[in-house]
Each structure stands twice: as structure tokens, then as C-alpha cells.
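Next comes protein05.txt, a file with compact mmCIF, C-alpha atoms.
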# COMPACT_ATOMS: atom_id res chain seq x y z
CA MET A 1 -90.75 18.42 -73.46
CA LYS A 2 -93.17 15.71 -74.66
CA LYS A 3 -92.73 16.90 -78.23
CA LEU A 4 -88.94 16.73 -77.93
CA ILE A 5 -89.10 13.21 -76.54
CA ALA A 6 -91.56 12.13 -79.24
CA ILE A 7 -89.31 13.45 -82.02
CA ALA A 8 -86.20 11.84 -80.50
CA TRP A 9 -88.03 8.53 -80.02
CA LYS A 10 -89.26 8.62 -83.62
CA ASP A 11 -85.67 9.08 -84.88
CA ALA A 12 -84.47 6.20 -82.72
CA LEU A 13 -87.18 3.89 -84.09
CA VAL A 14 -86.32 4.89 -87.66
CA ARG A 15 -82.60 4.36 -87.08
CA PHE A 16 -82.97 0.95 -85.42
CA SER A 17 -85.79 -0.29 -87.62
CA SER A 18 -83.31 -2.87 -88.92
CA TRP A 19 -81.23 -5.16 -86.70
CA SER A 20 -78.28 -4.53 -89.02
CA GLU A 21 -77.93 -1.08 -87.46
CA LEU A 22 -76.61 -2.79 -84.33
CA VAL A 23 -73.64 -3.97 -86.39
CA PHE A 24 -72.58 -0.37 -87.00
CA PHE A 25 -73.71 0.84 -83.58
CA ILE A 26 -71.65 -1.50 -81.39
CA ILE A 27 -70.40 -4.70 -83.08
CA LEU A 28 -68.08 -3.19 -85.70
CA PRO A 29 -66.73 -0.46 -83.37
CA VAL A 30 -65.87 -3.10 -80.76
CA ALA A 31 -64.30 -5.39 -83.36
CA PHE A 32 -62.14 -2.65 -84.89
CA THR A 33 -61.13 -1.36 -81.46
CA PHE A 34 -60.03 -4.84 -80.38
CA LEU A 35 -58.17 -5.67 -83.59
CA LEU A 36 -56.36 -2.36 -83.99
CA ALA A 37 -55.24 -2.51 -80.36
CA GLY A 38 -53.57 -5.85 -81.05
CA GLY A 39 -56.08 -7.92 -79.13
CA THR A 40 -56.14 -8.25 -75.36
CA PRO A 41 -54.31 -5.83 -73.06
CA SER A 42 -50.55 -5.69 -73.39
CA GLY A 43 -49.75 -3.94 -70.17
CA ASP A 44 -48.48 -6.36 -67.52
CA GLU A 45 -48.88 -9.82 -69.04
CA ASP A 46 -45.92 -12.05 -69.83
CA ASN A 47 -45.06 -11.73 -73.53
CA ARG A 48 -42.35 -14.39 -73.54
CA ILE A 49 -42.64 -17.45 -75.79
CA ARG A 50 -44.72 -20.24 -74.23
CA LEU A 51 -42.69 -23.38 -73.57
CA LEU A 52 -44.77 -26.37 -72.47
CA VAL A 53 -42.80 -28.64 -70.14
CA VAL A 54 -43.64 -32.28 -69.43
CA ASP A 55 -41.79 -33.19 -66.21
CA GLN A 56 -41.66 -37.00 -66.09
CA ALA A 57 -38.76 -37.01 -63.61
CA GLU A 58 -40.28 -34.76 -60.95
CA THR A 59 -36.95 -34.49 -59.10
CA THR A 60 -35.03 -31.59 -57.64
CA ILE A 61 -32.86 -31.60 -60.75
CA SER A 62 -35.84 -31.31 -63.12
CA GLN A 63 -37.38 -28.60 -60.95
CA ARG A 64 -34.05 -26.78 -60.95
CA LEU A 65 -33.94 -26.99 -64.73
CA ILE A 66 -37.48 -25.60 -65.06
CA SER A 67 -36.62 -22.80 -62.64
CA GLU A 68 -33.52 -21.97 -64.65
CA ILE A 69 -35.55 -21.83 -67.86
CA GLY A 70 -38.02 -19.50 -66.13
CA LYS A 71 -35.24 -16.95 -65.62
CA SER A 72 -34.95 -16.54 -69.38
CA SER A 73 -36.16 -13.29 -70.89
CA ALA A 74 -37.24 -15.15 -74.03
CA VAL A 75 -39.36 -18.11 -72.93
CA ARG A 76 -41.97 -18.81 -70.26
CA PRO A 77 -42.19 -22.47 -69.08
CA GLU A 78 -45.57 -23.99 -68.29
CA VAL A 79 -45.65 -27.47 -66.72
CA VAL A 80 -48.47 -29.58 -68.18
CA SER A 81 -49.30 -33.23 -68.67
CA GLU A 82 -47.93 -35.10 -71.66
CA ARG A 83 -51.41 -35.47 -73.11
CA GLU A 84 -52.15 -31.76 -72.86
CA ALA A 85 -48.78 -30.85 -74.35
CA GLY A 86 -49.35 -33.19 -77.28
CA ARG A 87 -52.82 -31.82 -77.91
CA GLN A 88 -51.69 -28.18 -77.98
CA PHE A 89 -48.66 -29.05 -80.09
CA ASP A 90 -50.77 -30.94 -82.65
CA GLU A 91 -53.22 -28.02 -82.81
CA ARG A 92 -50.25 -25.65 -83.34
CA ARG A 93 -51.26 -23.60 -80.32
CA VAL A 94 -47.68 -23.83 -79.07
CA SER A 95 -44.43 -23.85 -81.04
CA VAL A 96 -42.23 -25.95 -78.74
CA VAL A 97 -42.58 -28.66 -76.06
CA LEU A 98 -39.85 -29.83 -73.65
CA VAL A 99 -40.08 -33.36 -72.27
CA ILE A 100 -37.87 -34.12 -69.25
CA PRO A 101 -37.51 -37.92 -69.07
CA GLY A 102 -37.76 -39.87 -65.85
CA ASN A 103 -34.11 -41.00 -65.98
CA LEU A 104 -32.74 -37.46 -65.69
CA ASP A 105 -30.64 -37.42 -62.52
CA LEU A 106 -27.28 -36.31 -61.15
CA GLU A 107 -25.42 -39.32 -62.50
CA SER A 108 -26.66 -38.83 -66.05
CA LEU A 109 -25.84 -35.14 -65.95
CA GLU A 110 -22.42 -35.81 -64.51
CA GLY A 111 -21.66 -38.56 -66.98
CA GLY A 112 -22.91 -36.60 -69.97
CA SER A 113 -25.59 -39.15 -70.84
CA ALA A 114 -28.56 -36.99 -69.85
CA GLU A 115 -31.04 -36.38 -72.66
CA VAL A 116 -34.17 -34.28 -72.94
CA GLU A 117 -36.72 -34.27 -75.76
CA LEU A 118 -37.52 -30.97 -77.49
CA ARG A 119 -40.44 -31.02 -79.93
CA GLN A 120 -40.44 -28.08 -82.33
CA GLN A 121 -42.79 -26.87 -85.03
CA PRO A 122 -40.91 -26.87 -88.36
CA ASN A 123 -39.49 -23.60 -89.67
CA ASN A 124 -40.59 -21.73 -86.54
CA LEU A 125 -38.48 -18.87 -85.20
CA ASN A 126 -40.02 -19.09 -81.72
CA ALA A 127 -39.04 -22.76 -81.51
CA THR A 128 -35.44 -21.90 -82.38
CA ILE A 129 -35.34 -19.21 -79.70
CA ALA A 130 -36.81 -21.61 -77.14
CA GLU A 131 -34.20 -24.24 -78.06
CA ARG A 132 -31.38 -21.83 -77.29
CA ALA A 133 -32.99 -20.91 -73.96
CA VAL A 134 -33.28 -24.59 -72.99
CA ILE A 135 -29.66 -25.29 -73.92
CA THR A 136 -28.52 -22.30 -71.87
CA ALA A 137 -30.53 -23.49 -68.86
CA ILE A 138 -29.12 -27.03 -69.10
CA ARG A 139 -25.60 -25.65 -69.24
CA GLY A 140 -26.29 -23.53 -66.18
CA VAL A 141 -27.58 -26.49 -64.17
CA SER A 142 -24.77 -28.76 -65.40
CA SER A 143 -22.07 -26.24 -64.53
CA ALA A 144 -23.37 -25.89 -60.97
CA ILE A 145 -23.43 -29.69 -60.56
CA SER A 146 -19.97 -29.96 -62.06
CA ALA A 147 -18.64 -27.34 -59.66
CA ALA A 148 -20.19 -29.20 -56.70
CA HIS A 149 -18.61 -32.50 -57.79
CA GLN A 150 -15.26 -30.77 -58.19
CA ALA A 151 -15.56 -29.45 -54.64
CA VAL A 152 -16.31 -32.96 -53.38
CA ALA A 153 -13.27 -34.34 -55.23
CA VAL A 154 -10.94 -31.70 -53.76
CA ARG A 155 -12.26 -32.34 -50.28
CA SER A 156 -11.83 -36.11 -50.73
CA GLU A 157 -8.17 -35.65 -51.63
CA LYS A 158 -7.50 -33.58 -48.51
CA GLU A 159 -9.69 -35.50 -46.09
CA PRO A 160 -11.71 -38.57 -46.96
CA PHE A 161 -15.39 -38.57 -46.03
CA ALA A 162 -16.37 -40.68 -43.03
CA SER A 163 -19.49 -41.98 -44.80
CA GLU A 164 -21.56 -41.68 -47.93
CA VAL A 165 -24.09 -39.61 -45.99
CA GLU A 166 -21.41 -37.04 -45.15
CA ARG A 167 -20.26 -37.02 -48.77
CA GLN A 168 -23.84 -36.41 -50.02
CA ALA A 169 -24.40 -33.62 -47.50
CA TYR A 170 -21.16 -31.94 -48.57
CA PHE A 171 -22.20 -32.24 -52.20
CA GLU A 172 -25.60 -30.65 -51.56
CA ARG A 173 -24.02 -27.74 -49.67
CA SER A 174 -21.53 -27.25 -52.50
CA LEU A 175 -24.33 -27.36 -55.06
CA GLU A 176 -26.31 -24.70 -53.18
CA MET A 177 -23.20 -22.51 -52.98
CA ALA A 178 -22.49 -22.93 -56.70
CA GLN A 179 -26.07 -22.02 -57.58
CA SER A 180 -25.91 -19.00 -55.28
CA LEU A 181 -22.69 -17.83 -56.89
CA GLN A 182 -24.25 -18.23 -60.32
CA GLU A 183 -27.20 -16.04 -59.33
CA GLU A 184 -24.93 -13.40 -57.84
CA ALA A 185 -22.55 -13.34 -60.80
CA PRO A 186 -22.41 -9.94 -62.51
CA GLU A 187 -24.01 -9.58 -65.92
CA ARG A 188 -21.55 -9.66 -68.77
CA VAL A 189 -23.80 -7.71 -71.08
CA LYS A 190 -25.37 -4.46 -69.99
CA VAL A 191 -28.22 -2.82 -71.88
CA VAL A 192 -28.07 0.96 -71.85
CA LEU A 193 -31.21 2.76 -72.93
CA GLY A 194 -30.84 6.01 -74.80
CA ALA A 195 -31.80 9.19 -72.96
CA THR A 196 -33.40 10.76 -76.03
CA PRO A 197 -37.02 11.53 -75.16
CA ASP A 198 -39.75 10.06 -77.33
CA HIS A 199 -42.14 12.81 -78.39
CA VAL A 200 -44.74 10.35 -79.65
CA GLU A 201 -47.05 9.36 -76.80
CA TYR A 202 -48.59 6.15 -78.07
CA ASP A 203 -50.35 3.20 -76.50
CA PRO A 204 -52.11 0.98 -79.06
CA ARG A 205 -54.90 0.15 -76.63
CA ALA A 206 -55.63 3.74 -75.59
CA SER A 207 -55.25 5.14 -79.11
CA SER A 208 -57.43 2.45 -80.65
CA SER A 209 -60.17 2.83 -78.03
CA ALA A 210 -60.30 6.62 -78.31
CA GLY A 211 -59.84 6.74 -82.08
CA GLN A 212 -62.49 4.17 -82.95
CA LEU A 213 -64.91 5.76 -80.50
CA ILE A 214 -64.60 9.08 -82.33
CA THR A 215 -64.70 7.52 -85.79
CA TRP A 216 -67.81 5.41 -85.30
CA VAL A 217 -69.72 8.04 -83.34
CA PHE A 218 -68.93 11.06 -85.51
CA ILE A 219 -70.09 9.40 -88.74
CA PRO A 220 -73.73 8.88 -87.56
CA LEU A 221 -73.77 12.38 -86.07
CA PHE A 222 -72.65 13.81 -89.38
CA GLY A 223 -75.49 11.68 -90.74
CA ILE A 224 -78.02 14.05 -89.17
CA SER A 225 -77.79 15.73 -92.56
CA ALA A 226 -79.21 12.55 -94.13
CA SER A 227 -82.10 12.61 -91.65
CA PHE A 228 -82.96 16.18 -92.60
CA ALA A 229 -82.68 15.37 -96.31
CA TYR A 230 -84.94 12.31 -95.87
CA GLU A 231 -87.56 14.31 -93.97
CA ARG A 232 -87.42 17.01 -96.64
CA GLN A 233 -87.81 14.50 -99.50
CA GLN A 234 -90.73 12.75 -97.80
CA GLY A 235 -92.49 16.03 -97.16
CA THR A 236 -92.42 15.57 -93.40
CA LEU A 237 -90.91 18.99 -92.83
CA ARG A 238 -93.69 20.66 -94.80
CA ARG A 239 -96.32 18.89 -92.73
CA ILE A 240 -94.69 20.21 -89.58
CA LEU A 241 -95.91 23.66 -90.63
CA THR A 242 -99.49 22.45 -90.10
CA THR A 243 -98.78 21.42 -86.49
CA PRO A 244 -98.13 23.52 -83.39
CA ALA A 245 -94.51 22.31 -83.39
CA ARG A 246 -92.08 25.10 -84.20
CA LYS A 247 -88.85 24.81 -86.15
CA ALA A 248 -86.83 25.11 -82.94
CA THR A 249 -88.77 22.21 -81.40
CA PHE A 250 -88.13 19.95 -84.40
CA LEU A 251 -84.43 20.81 -84.55
CA LEU A 252 -83.91 20.45 -80.82
CA GLY A 253 -85.77 17.12 -80.71
CA THR A 254 -83.84 15.68 -83.66
CA ILE A 255 -80.43 16.88 -82.47
CA SER A 256 -80.91 15.95 -78.82
CA GLY A 257 -82.11 12.47 -79.78
CA GLN A 258 -79.07 11.86 -81.98
CA VAL A 259 -76.72 13.20 -79.32
CA ALA A 260 -78.33 10.96 -76.69
CA MET A 261 -77.87 7.88 -78.90
CA ALA A 262 -74.26 8.93 -79.52
CA LEU A 263 -73.63 9.18 -75.78
CA VAL A 264 -75.07 5.71 -75.26
CA GLN A 265 -72.79 4.36 -77.97
CA MET A 266 -69.80 6.17 -76.47
CA LEU A 267 -70.49 4.78 -73.01
CA LEU A 268 -70.79 1.25 -74.39
CA LEU A 269 -67.40 1.60 -76.09
CA VAL A 270 -65.91 3.11 -72.94
CA GLY A 271 -67.31 0.18 -70.95
CA PHE A 272 -65.66 -2.22 -73.38
CA GLY A 273 -62.37 -0.37 -72.93
CA ILE A 274 -62.62 -0.66 -69.15
CA ALA A 275 -63.82 -4.27 -68.92
CA VAL A 276 -61.84 -5.92 -71.72
CA MET A 277 -58.89 -3.66 -72.51
CA LYS A 278 -58.27 -2.61 -68.89
CA LEU A 279 -58.08 1.10 -69.73
CA ALA A 280 -58.45 3.79 -67.06
CA TRP A 281 -61.52 5.42 -68.60
CA GLY A 282 -63.36 5.51 -65.29
CA ARG A 283 -60.65 7.34 -63.34
CA GLU A 284 -62.18 10.81 -63.97
CA PRO A 285 -65.87 10.21 -64.79
CA LEU A 286 -66.88 13.90 -64.76
CA ALA A 287 -64.06 14.89 -67.10
CA LEU A 288 -64.90 11.94 -69.36
CA PHE A 289 -68.56 12.94 -69.58
CA VAL A 290 -67.65 16.57 -70.34
CA ILE A 291 -65.34 15.68 -73.25
CA LEU A 292 -67.77 13.08 -74.63
CA LEU A 293 -70.70 15.51 -74.52
CA ALA A 294 -68.67 18.32 -76.09
CA SER A 295 -67.48 15.98 -78.86
CA ALA A 296 -71.02 14.76 -79.60
CA LEU A 297 -72.38 18.32 -79.73
CA ALA A 298 -69.63 19.46 -82.10
CA ALA A 299 -70.26 16.55 -84.46
CA ALA A 300 -74.03 17.01 -84.32
CA ALA A 301 -73.64 20.71 -85.07
CA LEU A 302 -71.54 19.97 -88.15
CA GLY A 303 -74.14 17.43 -89.28
CA THR A 304 -76.87 20.04 -88.83
CA THR A 305 -74.99 22.54 -91.01
CA MET A 306 -74.33 19.88 -93.65
CA GLY A 307 -78.07 19.14 -93.73
CA THR A 308 -78.84 22.69 -94.86
CA PHE A 309 -76.61 22.37 -97.94
CA ILE A 310 -77.33 18.78 -99.02
CA LYS A 311 -80.44 18.03 -101.06
CA SER A 312 -80.78 14.22 -101.14
CA GLU A 313 -80.49 11.46 -98.56
CA GLY A 314 -78.06 9.43 -100.68
CA GLN A 315 -75.76 12.40 -101.12
CA ALA A 316 -75.89 13.10 -97.38
CA SER A 317 -75.05 9.50 -96.45
CA GLY A 318 -72.07 9.39 -98.79
CA LEU A 319 -70.69 12.73 -97.64
CA SER A 320 -71.21 11.85 -93.99
CA ILE A 321 -69.11 8.70 -94.34
CA MET A 322 -66.47 10.51 -96.39
CA PHE A 323 -66.17 13.45 -94.00
CA GLY A 324 -66.21 11.14 -90.98
CA MET A 325 -63.37 8.99 -92.33
CA VAL A 326 -61.25 11.94 -93.51
CA PHE A 327 -61.76 13.88 -90.27
CA ALA A 328 -60.89 10.79 -88.21
CA MET A 329 -57.72 10.05 -90.19
CA MET A 330 -56.49 13.65 -90.20
CA GLY A 331 -57.49 14.17 -86.57
CA GLY A 332 -55.14 11.47 -85.28
CA CYS A 333 -57.78 8.81 -84.65
CA TRP A 334 -56.00 6.21 -86.77
CA TYR A 335 -52.36 7.27 -86.39
CA PRO A 336 -50.56 9.35 -83.74
CA LEU A 337 -50.81 12.99 -84.77
CA GLU A 338 -47.12 13.44 -83.90
CA LEU A 339 -46.22 11.36 -86.96
CA PHE A 340 -47.64 14.02 -89.27
CA PRO A 341 -45.49 16.90 -90.56
CA PRO A 342 -45.60 20.04 -88.37
CA ALA A 343 -47.58 21.94 -91.01
CA ILE A 344 -50.26 19.25 -91.08
CA GLN A 345 -50.37 19.13 -87.28
CA SER A 346 -51.17 22.84 -87.26
CA ALA A 347 -53.67 22.66 -90.13
CA VAL A 348 -55.78 19.85 -88.64
CA LYS A 349 -56.57 21.96 -85.59
CA ILE A 350 -59.54 23.25 -87.57
CA LEU A 351 -61.13 19.78 -87.26
CA PRO A 352 -63.24 18.82 -84.23
CA THR A 353 -61.86 15.27 -84.31
CA THR A 354 -58.39 16.62 -83.52
CA TRP A 355 -59.58 18.26 -80.32
CA ALA A 356 -61.80 15.32 -79.36
CA MET A 357 -58.90 12.89 -79.75
CA GLN A 358 -56.58 15.18 -77.82
CA GLY A 359 -59.04 15.43 -74.93
CA LEU A 360 -59.69 11.69 -74.74
CA LEU A 361 -55.98 10.86 -74.81
CA ASP A 362 -55.36 13.45 -72.09
CA LEU A 363 -57.64 11.36 -69.90
CA VAL A 364 -56.82 7.76 -70.74
CA LEU A 365 -53.17 8.04 -71.84
CA ARG A 366 -51.70 11.03 -70.02
CA GLY A 367 -53.61 10.71 -66.75
CA GLY A 368 -55.25 14.15 -66.99
CA GLY A 369 -58.34 15.37 -65.21
CA LEU A 370 -61.15 17.87 -65.66
CA VAL A 371 -58.86 20.91 -65.70
CA ASP A 372 -56.64 19.33 -68.34
CA ILE A 373 -59.45 18.68 -70.83
CA LEU A 374 -61.22 22.01 -70.40
CA PRO A 375 -59.32 23.68 -73.31
CA GLU A 376 -60.31 20.87 -75.69
CA ALA A 377 -63.88 20.83 -74.42
CA GLY A 378 -64.05 24.62 -74.84
CA VAL A 379 -62.88 24.43 -78.45
CA LEU A 380 -65.38 21.66 -79.21
CA LEU A 381 -68.21 23.68 -77.68
CA GLY A 382 -67.05 26.60 -79.82
CA PHE A 383 -67.39 24.39 -82.90
CA ALA A 384 -70.88 23.46 -81.71
CA VAL A 385 -71.98 27.09 -81.25
CA VAL A 386 -70.68 28.18 -84.66
CA PHE A 387 -72.11 25.28 -86.67
CA PHE A 388 -75.42 25.19 -84.79
CA SER A 389 -75.83 28.91 -85.50
CA VAL A 390 -75.16 28.42 -89.21
CA GLY A 391 -77.41 25.36 -89.38
CA VAL A 392 -80.36 26.97 -87.60
CA LEU A 393 -80.14 30.17 -89.65
CA ARG A 394 -80.02 28.25 -92.96
CA PHE A 395 -82.61 25.62 -92.06
CA ARG A 396 -85.54 25.43 -94.48
CA TYR A 397 -88.52 23.11 -94.65
CA GLU A 398 -88.17 22.70 -98.44
Written form, C-alpha cells:
Amino acid sequence: MKKLIAIAWKDALVRFSSWSELVFFIILPVAFTFLLAGGTPSGDEDNRIRLLVVDQAETTISQRLISEIGKSSAVRPEVVSEREAGRQFDERRVSVVLVIPGNLDLESLEGGSAEVELRQQPNNLNATIAERAVITAIRGVSSAISAAHQAVAVRSEKEPFASEVERQAYFERSLEMAQSLQEEAPERVKVVLGATPDHVEYDPRASSSAGQLITWVFIPLFGISASFAYERQQGTLRRILTTPARKATFLLGTISGQVAMALVQMLLLVGFGIAVMKLAWGREPLALFVILLASALAAAALGTTMGTFIKSEGQASGLSIMFGMVFAMMGGCWYPLELFPPAIQSAVKILPTTWAMQGLLDLVLRGGGLVDILPEAGVLLGFAVVFFSVGVLRFRYE
């Protein structure tokens, strides 16, 4: 056991002898995962256009207007100070700002003299959409007020009000009724969704997290071939013959060390998916560990076999990157596999990345458990057995 640990520790020191290795180990995988997923989680947050509102009136009418804007499916009002709105607008962090002046009241709305200020970024589609939403909200508030005033006028003709207080109370009741009727009014446009099922199960966050995990972990594991080629070129493997360490000890120490580093990298990327992208990686921890371990073993086995055919370290590094990228692309790590032609979907089942991606998506996208990923884990372990057997049988010190 001490020999295995010593060999694995030696490989880790060699690999991380330069701080730049951390870029490929965690920084680039995290960056690509985040960017390809479209940034922060897109599950339950409000995706409507931000509309900053400066409420200088602070009356029931202005609050009613803001509430009416909030019902829009296109814009999301945020009440801020005039200074904050100006700062964000100048920095182009927001495309539109609505300023409700202090003189906005019932009389101005009734008389048609009410004005609001709408600041828009030039040639901005979001600003145009927000403008239409604001106009619609103003019309909704104005129509309710107009209906209330009409009710007051009709009542005055039939029976004059005893006092201004009674008239105002009647107006407020009429306004509440008009607003209630507006809210209860049936929709004039109904959206009917098609019943055709979508056979492409795709979530950019889940697909990006799983796909980049496989891509960035498989390439270094394929790179075991470069480690063997380097040791062979330096004569290290020949010197092993003069020590009590057997071939099996060297192979097991090298492979187990690389697999352990791959698992650490996988867990870091999974942790990023849980903490930042809010993915349900931790829902089935045992199933997750099984599929990660099976994937790492399959990739390490293929790297071991490649190391018995490749002669130089440079050649091994180039082929490892090439095979890693091609396997990741064809295995569905970059695009949903369902987008490929049926013949390609069948052909790529010979790749371990296909089964690794399928197993990871079964967990994080389809809500599967240990039983669901056992077929994929079994196939990956089959890859590992076959390629480890070939690699061990063909392994030579020179």
C-alpha cells in the first residue's frame, strides 16, 4: 500500500508542479460550465425586462400604476431613488427608467394633463417593449378612474350627494369596483400550447454541468498515456526493474492516483453545480458516486491502452486532447444527443462518454436514482475491464 501511495503522490506532484495546471484542473472547467449554461440559474427567477421606477408622487394612484405595470408579462418594475436610477441608466445597466412626477393625481388623469417621464436607451428593443407595457398600464388605471367618475356623474343626476365627503366615498367605492371588474375580465387572447411531445430533454444548466465535467476530466485521464510515454522516455520504467516494485504495483499506483485526482476534480465541479447553478446533484449521492467512479475508471482504462501504443509524450498529449474533444462532442457533452441523426446516435454508443453523459443526465435532469444509472455504470465498467486488460497485457517497460 505504501508503494501505491508513493507512486500516486509522485504523479500528483509532477502534475501540479506548475500553478498553471490549476487553470485546467478547475478554473477553465468552471468558466466553461458557467458560460455555456448561460450564466446564473434560469429556473425560477424573473426573466422580465427590468423597469426602474422613480415614484416622486408616492400616492395611491402612483402605487396603483406600479402595481398595474407589475402585472405585465414583459416588464418587472423596481422602485428606486432618482439618483440610483440615473446611475444605472448612465452605466447602461438598465434600458428604461420611468419617473412618476409628484403632480400625478386624479385630477390630472381625469383632465388628460397627466404626464410621466420615460427614459429609454436609444435603439433598444427592451426599451420599446417597456414603453408599450407602461402605456398599457396607464390606460388600465385611467379607464378605471374614468369609469368611477362616470358612476359618480350618473348618481349625481339621480340623487345629488349630501356632501363632498359622501361624493368622495362613492367615488372610491366605484373605483374599487371598476378595478375589481378589470381584474376579473376574461382574457381576450388565449395561448394554446401544442400537445406534441418534445423528445429532446434539455436543460442548459444540467447539460453544461454534466458535459463539461466529462470533457475536462476525460482528457487528463486519457493523458495517462502521456505519463507512461514520459516515464518510458526518461528511463524510469527501466529502473523499476531494479526495485522490488512489480509491474502491477506501478500500474495500479499510477492509475489509482490519476483516478483519485479525477474524482476530486469531479466533486469540485459537482459542488460548483450545487452551490452556484442550483442543480440537484446531491439528491442521490450514492448513485452519483457510482457513475462518477465508473466514468473515471473507463477513461483511465482507455488512457492506459493508449499508452501502450504511443511512443512519445508529445504524441500522447496531442492524441489525448484530440480523442477527449471528439469523444465529448460525439457523446452528447456539447449538444443534446437527440439532435444527431438516428444512425449517429446508435454508432456513438461505442464511446464511454455517451454512457457517462447518459448516466449523469439521468441523475440531474431526469430525477433518476441508483437503479436508473446501473445500466450505464455497468457499460462503463465493461469498458474499464476490456481496456485495462488490453493495456496490462501490452504494457512494456521499453
Determine, counting all atoms listed in the file, which protein, DNA and RNA residues have an atom within 12 Å of an atom of A:Phe309; residues of the same chain fewer than 6 positions away are not included. Present the result as a compact mmCIF listing (two decimals) with C-alpha atoms, in the frame of the given file.
# COMPACT_ATOMS: atom_id res chain seq x y z
CA SER A 225 -77.79 15.73 -92.56
CA ALA A 226 -79.21 12.55 -94.13
CA PHE A 228 -82.96 16.18 -92.60
CA ALA A 229 -82.68 15.37 -96.31
CA LEU A 302 -71.54 19.97 -88.15
CA GLY A 303 -74.14 17.43 -89.28
CA GLN A 315 -75.76 12.40 -101.12
CA ALA A 316 -75.89 13.10 -97.38
CA LEU A 319 -70.69 12.73 -97.64
CA VAL A 390 -75.16 28.42 -89.21
CA GLY A 391 -77.41 25.36 -89.38
CA VAL A 392 -80.36 26.97 -87.60
CA LEU A 393 -80.14 30.17 -89.65
CA ARG A 394 -80.02 28.25 -92.96
CA PHE A 395 -82.61 25.62 -92.06
CA ARG A 396 -85.54 25.43 -94.48
CA GLU A 398 -88.17 22.70 -98.44
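When atom CA of A:Gln358 is paired with atom CA of A:Gly332, their separation reads 8.5 Å.
Comparing the minimum interatomic distances between A:Ile214 and each of A:Met266, A:Ile26, A:Leu293, A:Val326, counting only C-alpha atoms, we find that A:Met266 sits nearest.
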Pick from A:Met177, A:Ser81, A:Pro220, A:Arg132: nearest to A:Glu21, with all atoms listed in the file counted?
-> A:Pro220
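Distances to A:Trp216 were evaluated for A:Ala85, A:Val75, A:Ile321, A:Leu36 using only C-alpha atoms, and the minimum falls at A:Ile321.
Of the listed residues (A:Trp9, A:Tyr335, A:Trp355, A:Phe250), A:Tyr335 comes nearest to A:Ser207; the distances count all atoms listed in the file.
Each of A:Leu22, A:Pro341, A:Ala206, A:Ile224 was checked against A:Thr254 using only C-alpha atoms; the smallest atom-to-atom distance is that of A:Ile224.
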Please identify all polymer residues lying at most 9 Å from the point (-30.8, -28.6, -63.6) (file coordinates), using only C-alpha atoms, and present the result as a PyMOL selection string.
-> chain A and resi 60-68+105-106+109+137-142+144-145
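The coordinates place atom CA of A:Arg83 at 21.1 Å from atom CA of A:Glu131.
Minimum distance to A:Ser180 across A:Met330, A:Leu263, A:Ala12, A:Ala148 (counting only C-alpha atoms) occurs at A:Ala148.
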When you draw a straight line from atom CA of A:Glu164 to atom CA of A:Val152, how long is it in Å?
-> 11.5 Å
What lies within 9 Å of A:Trp281 using all atoms listed in the file, ignoring chain neighbours under 5 positions off, as a ChimeraX atom specification?
-> /A:270-271,273-274,288,360,363-364
Using only C-alpha atoms, what residues lie at most 10 Å away from (-56.9, -1.9, -79.8) (file coordinates), given as an MDAnalysis selection string?
-> chainID A and resid 30:42 203:212 273 277
Export C-alpha atoms of the chosen residues as a PDB file, in the coordinates of the input?
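Once everything was written out, this is result-v5.pdb:
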ATOM      1  CA  VAL A  30     -65.870  -3.100 -80.760  1.00  0.00           C
ATOM      2  CA  ALA A  31     -64.300  -5.390 -83.360  1.00  0.00           C
ATOM      3  CA  PHE A  32     -62.140  -2.650 -84.890  1.00  0.00           C
ATOM      4  CA  THR A  33     -61.130  -1.360 -81.460  1.00  0.00           C
ATOM      5  CA  PHE A  34     -60.030  -4.840 -80.380  1.00  0.00           C
ATOM      6  CA  LEU A  35     -58.170  -5.670 -83.590  1.00  0.00           C
ATOM      7  CA  LEU A  36     -56.360  -2.360 -83.990  1.00  0.00           C
ATOM      8  CA  ALA A  37     -55.240  -2.510 -80.360  1.00  0.00           C
ATOM      9  CA  GLY A  38     -53.570  -5.850 -81.050  1.00  0.00           C
ATOM     10  CA  GLY A  39     -56.080  -7.920 -79.130  1.00  0.00           C
ATOM     11  CA  THR A  40     -56.140  -8.250 -75.360  1.00  0.00           C
ATOM     12  CA  PRO A  41     -54.310  -5.830 -73.060  1.00  0.00           C
ATOM     13  CA  SER A  42     -50.550  -5.690 -73.390  1.00  0.00           C
ATOM     14  CA  ASP A 203     -50.350   3.200 -76.500  1.00  0.00           C
ATOM     15  CA  PRO A 204     -52.110   0.980 -79.060  1.00  0.00           C
ATOM     16  CA  ARG A 205     -54.900   0.150 -76.630  1.00  0.00           C
ATOM     17  CA  ALA A 206     -55.630   3.740 -75.590  1.00  0.00           C
ATOM     18  CA  SER A 207     -55.250   5.140 -79.110  1.00  0.00           C
ATOM     19  CA  SER A 208     -57.430   2.450 -80.650  1.00  0.00           C
ATOM     20  CA  SER A 209     -60.170   2.830 -78.030  1.00  0.00           C
ATOM     21  CA  ALA A 210     -60.300   6.620 -78.310  1.00  0.00           C
ATOM     22  CA  GLY A 211     -59.840   6.740 -82.080  1.00  0.00           C
ATOM     23  CA  GLN A 212     -62.490   4.170 -82.950  1.00  0.00           C
ATOM     24  CA  GLY A 273     -62.370  -0.370 -72.930  1.00  0.00           C
ATOM     25  CA  MET A 277     -58.890  -3.660 -72.510  1.00  0.00           C
TER      26      MET A 277
END
